[in-house]
2 protein chains.
Amino acid sequence: MSNLSTINIGICGLGTVGQGVWKHLERSRADLESRLGVTLNLARASVRDPKKKRAVRIPAAKLTTDPLVIATDPSIHIVCELIGGTTLAREVTLAALKLGKTVVSANKALLCKHGPELFAAARKHGGHFFFEASVAGGIPIIKSLREGLVANRFKLIYGILNGTCNYILTRMDREGLSYPAILAEAKALGYAEADESLDVEGWDTAHKASILAYLAHGTWVPVEKMLVEGITQLTQADLQFARDNGYAVKLLAVITRDFDTGEVFVRVHPTLVPLTKVLANVNEVYNGISVTGDVVGETVYIGRGAGQDPTASAVISDIVDAIILLNRGNTPLPEPVETRAPLTPLEKIHGSYYLRMDVKDEPGVLAKIASALASHGVSIASVLQRPSDRPAAATLILTTHSSHEKAIRATLAHLRKLSSVLGDPLLLRIADFAG
Amino acid sequence: MSNLSTINIGICGLGTVGQGVWKHLERSRADLESRLGVTLNLARASVRDPKKKRAVRIPAAKLTTDPLVIATDPSIHIVCELIGGTTLAREVTLAALKLGKTVVSANKALLCKHGPELFAAARKHGGHFFFEASVAGGIPIIKSLREGLVANRFKLIYGILNGTCNYILTRMDREGLSYPAILAEAKALGYAEADESLDVEGWDTAHKASILAYLAHGTWVPVEKMLVEGITQLTQADLQFARDNGYAVKLLAVITRDFDTGEVFVRVHPTLVPLTKVLANVNEVYNGISVTGDVVGETVYIGRGAGQDPTASAVISDIVDAIILLNRGNTPLPEPVETRAPLTPLEKIHGSYYLRMDVKDEPGVLAKIASALASHGVSIASVLQRPSDRPAAATLILTTHSSHEKAIRATLAHLRKLSSVLGDPLLLRIADFAG
């Protein structure tokens with residue numbers, strides 16, 4: 001496969017991202033061809049409906065309804081899998097890899113669910129699998145972790161990885177509107193999917209965290225093994241408390257590693273981030289990632305995390321890397337060494353917490369709550385009582401000193417059983433891990 | 001040179017950075033060897049004084065006082081040029097490149113002054129020249145611009161590229177102390193060189209801006225063709241005005257390109273950056289760079305910009321890239337296409353300005369100043385008068401609406417001639433280019 005003069009590229013899935021890749025590759029073709037010394041040929045694209053009107057004009061002869069035709073076409077060197085989902089996308093990716101082709105993917109769910117299988121297929125058949133677009137859109141975070149920071153071990157990586165959640169939280173904070181109101185608007189504007197649960201429940205962030213953890217630590221942490229909490233329970237009371245106390249609320253992925261024990265822990269949860277941290281000021285649909293390496297110290301990367309153009313930017317950078325690779329004797333990039341690192345047991349996880357609950361507005365309630373916390377060894381750092389929307393109730397907001405995750409969970413279970421506590425208490429984390 | 005099983009590395013210059021590279025390469029050797037499938041051999045190092053005590057222990061047999069011995073040693077594959085300066089460093093680099101070796105450098109002055117010669121030598125003799133460590137220390141900004149954002153054209157790049165200046169400005173702002181007081185302390189702490197002029201006059205930032213402009217636009221802009229202003233004239237009056245009006249003062253490099261005319265403009269100056277921008281909150285010795293690509297939108301990169309460890313992190317990432325390259329048939333990375341882009345003529349440069357001057361505290365002075373501005377077509381946006389340290393004087397701070405650089409310069413010359421204006425007025429730029 002060395003020194004190809006023409007590179008044939010197939011695009012599987014011509015949705016928003018696929019059309020973006022086609023458009024921007026056409027636009028930058030002359031520049032890229034002169035820098036790479038090859039001819040770039042956008043050879044084929046697969047679509048569900050060939051008759052559908054698209055912003056990008058593609059000759060009908062280049063269209064097919066079957067992405068497997070592209071994946072198995074012997075003339076195609078690079079297959080872009082932009083179908084999404086984990087069924088057909090997996091079939092297409094494996095078919096191409098088994099023929100020794102290079103696959104460029106933006107599919108974090110696929111990678112998270114079938115990463116080991118895909119990498120093994122690439123290795124076995126001499127193909128390659130690129131996935132810069134799978135995390136944080138146009139931010140070159142995969143390349144930075146794998147190549148730019150290769151001299152480092154990563155004690156802490158944390159980031160805002162979901163633009164939809166960050167957009168909702170930013171607008172709730174700025175406009176004082178409720179979660180359901182902003183969500184409805186975000187859907188109308190196309191910033192949230194019709195089924196928003198993958199985003200707002202934290203699973204999309206978890207998929208991306210899994211990929212970053214693999215790159216940093218050489219181990220796949222399945223999302224079921226993570227602590228994953230979403231943003232659906234947040235109210236104005238939480239955002240206002242955060243603002244008044246020098247925090248912003250962000251849905252963070254947090255990946256920690258203890259280099260003494262080798263243990264890795266991955267969690268996703270809404271977090272009170274001090275406004276002094278850069279990520280507290282990353283707003284709207286932007287993503288931001290803080291990477292602390294033992295040599296480089298803290299580095300931060302910010303950019304738009306999704307959408308046609310940023311994702312296309314990342315896919316095209318992978319295509320360029322793939323072309324260099326194909327014309328260089330096909331030696332792969334250094335993959336992380338598989339570590340099968342153990343996961344940190346829950347007993348070892350600790351931090352500062354924020355608890356918000358509605359309580360009956362009657363004498364003795366605060367004493368009951370305070371003793372519940374004390375009975376689990378959880379030490380209170382601050383208390384705020386404010387009026388509740390519920391009749392004859394008050395909203396109580398507590399923050400704790402550093403406590404064990406197990407203790408705070410036991411506390412939560414305890415509080416739920418108290419008759420003075422109305423509804424379900426909300427637990428948030430305070431980003432004390434961020435130093 | 002394909003498929004080397006042992007890579008011999010020579011370190012020319014065993015100062016702070018050289019020792020950092022040696023230390024961290026030794027520390028991460030096992031991990032890197034397993035990922036790269038090669039043996040890493042730190043073969044030789046050059047020092048000025050072999051007897052000097054160093055934190056890193058190196059067998060005497062590996063030391064030489066002549067870096068050219070390393071550069072021309074046929075067994076050495078990768079030469080790290082960490083000597084600094086542009087004389088011996090150039091000799092060493094050219095000697096190695098002419099033998100087809102790969103050189104890894106942290107030397108922005110060398111690159112800025114002799115870049116075309118070095119790249120030509122590398123191309124001619126089949127060697128390579130890497131320089132990730134030359135800009136922004138451990139932040140992988142070279143890799144991001146060249147590879148991660150390869151699909152983009154860059155309308156605007158701006159950044160804080162000098163840690164010493166950012167440290168001084170941060171401490172002046174936080175502690176209310178004068179520039180000379182903080183500078184003296186920074187020197188005592190080793191955050192500023194004995195001769196600080198390269199940093200505080202903006203030349204170090206200009207060197208780095210030149211490298212970024214080359215990568216982004218394929219043209220070398222010599223520092224003499226840039227607008228370069230330093231931070232030595234800044235006082236508490238400026239920092240306080242900035243704070244009170246929602247800005248932070250940062251020494252920025254700004255690289256703009258007009259894709260209609262092809263023109264490039266590079267400038268370095270202290271700038272009032274709105275606190276809503278991420279870079280306004282990048283403090284202490286940290287660097288930060290905002291890169292706006294036409295596909296990806298704005299991306300931001302933050303990290304420590306200098307010092308032993310961050311620089312070593314960047315040098316080692318280059319060494320790893322070099323090894324992959326050497327074992328991959330030696331095809332070079334795509335360099336920018338030489339554009340010889342024209343420079344934007346000064347007539348076209350415009351922006352909002354900040355003017356601070358001491359004036360005689362007597363009737364009619366404000367009218368004179370205001371008419372001076374008006375006579376050059378410069379429109380005033382805000383006026384603040386405050387007490388001056390000078391007797392019988394007031395400090396006048398004006399901001400302007402968007403004006404032409406030529407007009408503001410003519411205004412400045414005009415103001416200098418007025419007898420009511422005491423001393424030299426200070427001109428700062430307001431970052432309206434940052435949108």
# chains A, B, ... in the order shown; residues from 1 in each chain; ligands from 1
>>> select_by_dssp(residues="stretch 239-311 of chain B", states="helix (DSSP H, G or I)", output="ChimeraX atom specification")
/B:239-244,278-281,308-311
>>> closest_atom_pairs(of="chain B", to="chain A", cutoff="6 Å", atoms="only C-alpha atoms", output="Markdown table")
| residue | atom | partner | partner_atom | distance |
| --- | --- | --- | --- | --- |
| B:Arg35 | CA | A:Pro334 | CA | 5.3 |
| B:Leu36 | CA | A:Pro334 | CA | 5.8 |
| B:Gly138 | CA | A:Val296 | CA | 5.5 |
| B:Pro140 | CA | A:Gly148 | CA | 5.2 |
| B:Gly148 | CA | A:Pro140 | CA | 5.2 |
| B:Val150 | CA | A:Ser317 | CA | 5.7 |
| B:Ala151 | CA | A:Ser313 | CA | 5.5 |
| B:Val295 | CA | A:Asp309 | CA | 5.3 |
| B:Val296 | CA | A:Pro310 | CA | 4.1 |
| B:Glu298 | CA | A:Gly303 | CA | 5.9 |
| B:Thr299 | CA | A:Gly303 | CA | 4.2 |
| B:Val300 | CA | A:Ile302 | CA | 4.8 |
| B:Tyr301 | CA | A:Tyr301 | CA | 4.8 |
| B:Ile302 | CA | A:Val300 | CA | 4.8 |
| B:Gly303 | CA | A:Thr299 | CA | 4.3 |
| B:Asp309 | CA | A:Val295 | CA | 5.3 |
| B:Pro310 | CA | A:Val296 | CA | 4.1 |
| B:Ser313 | CA | A:Ala151 | CA | 5.5 |
| B:Ile316 | CA | A:Ala151 | CA | 5.9 |
| B:Ser317 | CA | A:Gly148 | CA | 5.4 |
| B:Arg328 | CA | A:Arg328 | CA | 5.3 |
| B:Gly329 | CA | A:Arg328 | CA | 5.6 |
| B:Thr331 | CA | A:Arg328 | CA | 6.0 |
| B:Pro334 | CA | A:Arg35 | CA | 5.3 |
>>> write_last_selection(atoms="C-alpha atoms", output="compact mmCIF listing (two decimals), in the first residue's frame")
# COMPACT_ATOMS: atom_id res chain seq x y z
CA ARG B 35 4.90 1.31 22.96
CA LEU B 36 7.42 1.99 20.21
CA GLY B 138 4.28 21.65 27.04
CA PRO B 140 1.08 20.61 21.93
CA GLY B 148 -5.00 18.30 14.41
CA VAL B 150 -5.04 20.54 9.18
CA ALA B 151 -8.51 20.96 7.64
CA VAL B 295 -13.98 24.80 9.92
CA VAL B 296 -13.49 24.09 13.63
CA GLU B 298 -12.44 28.79 18.06
CA THR B 299 -10.24 26.38 20.00
CA VAL B 300 -8.13 27.32 23.03
CA TYR B 301 -5.01 25.66 24.46
CA ILE B 302 -3.62 26.41 27.92
CA GLY B 303 -0.60 25.15 29.85
CA ASP B 309 9.33 19.84 32.88
CA PRO B 310 6.82 21.28 30.38
CA SER B 313 7.41 16.98 27.81
CA ILE B 316 10.10 13.97 24.32
CA SER B 317 6.93 14.05 22.22
CA ARG B 328 8.32 4.42 8.80
CA GLY B 329 10.36 4.93 5.70
CA THR B 331 8.34 10.29 4.77
CA PRO B 334 3.36 17.71 5.47
>>> atom_distance(atom1="atom CA of A:Ser382", atom2="atom CA of A:Ser419")
22.8 Å
>>> atom_distance(atom1="atom CA of B:Ala394", atom2="atom CA of B:Leu169")
24.1 Å
>>> closest_residue(among="B:Asn41, B:Thr395, B:Thr219, B:Ser403", to="B:Thr235", atoms="only C-alpha atoms")
B:Thr395
>>> atom_distance(atom1="atom CA of A:Arg356", atom2="atom CA of A:Val383")
10.0 Å
>>> residues_around(residues="B:Leu428", least_positions_apart="4", cutoff="8 Å", atoms="only C-alpha atoms", output="JSON, numbers by chain")
{"B": [269, 270, 271, 272, 353, 354, 355]}
>>> write_last_selection(atoms="N, CA and C atoms", output="PDB file, in the first residue's frame")
ATOM      1  N   HIS B 269       1.615  43.030  21.491  1.00  0.00           N
ATOM      2  CA  HIS B 269       1.432  44.229  22.309  1.00  0.00           C
ATOM      3  C   HIS B 269       0.595  43.918  23.541  1.00  0.00           C
ATOM      4  N   PRO B 270       0.805  44.729  24.597  1.00  0.00           N
ATOM      5  CA  PRO B 270      -0.081  44.570  25.753  1.00  0.00           C
ATOM      6  C   PRO B 270      -1.504  44.943  25.326  1.00  0.00           C
ATOM      7  N   THR B 271      -2.463  44.161  25.785  1.00  0.00           N
ATOM      8  CA  THR B 271      -3.819  44.262  25.248  1.00  0.00           C
ATOM      9  C   THR B 271      -4.827  44.191  26.381  1.00  0.00           C
ATOM     10  N   LEU B 272      -5.885  44.987  26.298  1.00  0.00           N
ATOM     11  CA  LEU B 272      -6.989  44.860  27.246  1.00  0.00           C
ATOM     12  C   LEU B 272      -7.919  43.757  26.735  1.00  0.00           C
ATOM     13  N   TYR B 353      -8.504  51.552  20.914  1.00  0.00           N
ATOM     14  CA  TYR B 353      -7.278  51.865  21.638  1.00  0.00           C
ATOM     15  C   TYR B 353      -7.568  52.420  23.025  1.00  0.00           C
ATOM     16  N   TYR B 354      -6.547  52.329  23.856  1.00  0.00           N
ATOM     17  CA  TYR B 354      -6.543  52.857  25.214  1.00  0.00           C
ATOM     18  C   TYR B 354      -5.362  53.810  25.270  1.00  0.00           C
ATOM     19  N   LEU B 355      -5.597  55.021  25.725  1.00  0.00           N
ATOM     20  CA  LEU B 355      -4.528  56.022  25.818  1.00  0.00           C
ATOM     21  C   LEU B 355      -4.461  56.526  27.246  1.00  0.00           C
TER      22      LEU B 355
END
>>> residues_around(residues="B:Gly423", least_positions_apart="4", cutoff="10 Å", atoms="only C-alpha atoms", output="number ranges by chain")
B: 357-359, 416, 419
>>> write_last_selection(atoms="N, CA and C atoms", output="mmCIF file, in the first residue's frame")
data_model
loop_
_atom_site.group_PDB
_atom_site.id
_atom_site.type_symbol
_atom_site.label_atom_id
_atom_site.label_comp_id
_atom_site.auth_asym_id
_atom_site.auth_seq_id
_atom_site.Cartn_x
_atom_site.Cartn_y
_atom_site.Cartn_z
ATOM 1 N N MET B 357 -2.317 59.241 29.717
ATOM 2 C CA MET B 357 -1.275 60.274 29.747
ATOM 3 C C MET B 357 -1.450 61.164 30.975
ATOM 4 N N ASP B 358 -0.354 61.695 31.437
ATOM 5 C CA ASP B 358 -0.423 62.719 32.477
ATOM 6 C C ASP B 358 -0.550 64.075 31.800
ATOM 7 N N VAL B 359 -1.445 64.899 32.320
ATOM 8 C CA VAL B 359 -1.645 66.235 31.733
ATOM 9 C C VAL B 359 -1.613 67.276 32.845
ATOM 10 N N ARG B 416 2.251 64.183 21.920
ATOM 11 C CA ARG B 416 3.599 64.343 22.480
ATOM 12 C C ARG B 416 4.074 65.783 22.366
ATOM 13 N N SER B 419 2.105 70.989 25.013
ATOM 14 C CA SER B 419 2.789 71.325 26.271
ATOM 15 C C SER B 419 1.953 70.891 27.477
#
>>> residues_around(residues="A:Val378", least_positions_apart="5", cutoff="8 Å", atoms="only C-alpha atoms", output="count of residues only")
7
>>> residues_around(residues="stretch 187-198 of chain B", least_positions_apart="5", cutoff="6 Å", atoms="only C-alpha atoms", output="list of chain:residue names")
B:Thr164, B:Trp203, B:Asp204
>>> write_last_selection(atoms="N, CA and C atoms", output="PDB file, in the first residue's frame")
ATOM      1  N   THR B 164       7.007  34.794  31.593  1.00  0.00           N
ATOM      2  CA  THR B 164       7.572  35.830  32.454  1.00  0.00           C
ATOM      3  C   THR B 164       6.666  37.058  32.471  1.00  0.00           C
ATOM      4  N   TRP B 203      10.072  40.579  22.457  1.00  0.00           N
ATOM      5  CA  TRP B 203      10.775  39.881  21.354  1.00  0.00           C
ATOM      6  C   TRP B 203      10.639  38.379  21.442  1.00  0.00           C
ATOM      7  N   ASP B 204      10.658  37.835  22.634  1.00  0.00           N
ATOM      8  CA  ASP B 204      10.461  36.389  22.773  1.00  0.00           C
ATOM      9  C   ASP B 204       9.084  35.992  22.239  1.00  0.00           C
TER      10      ASP B 204
END
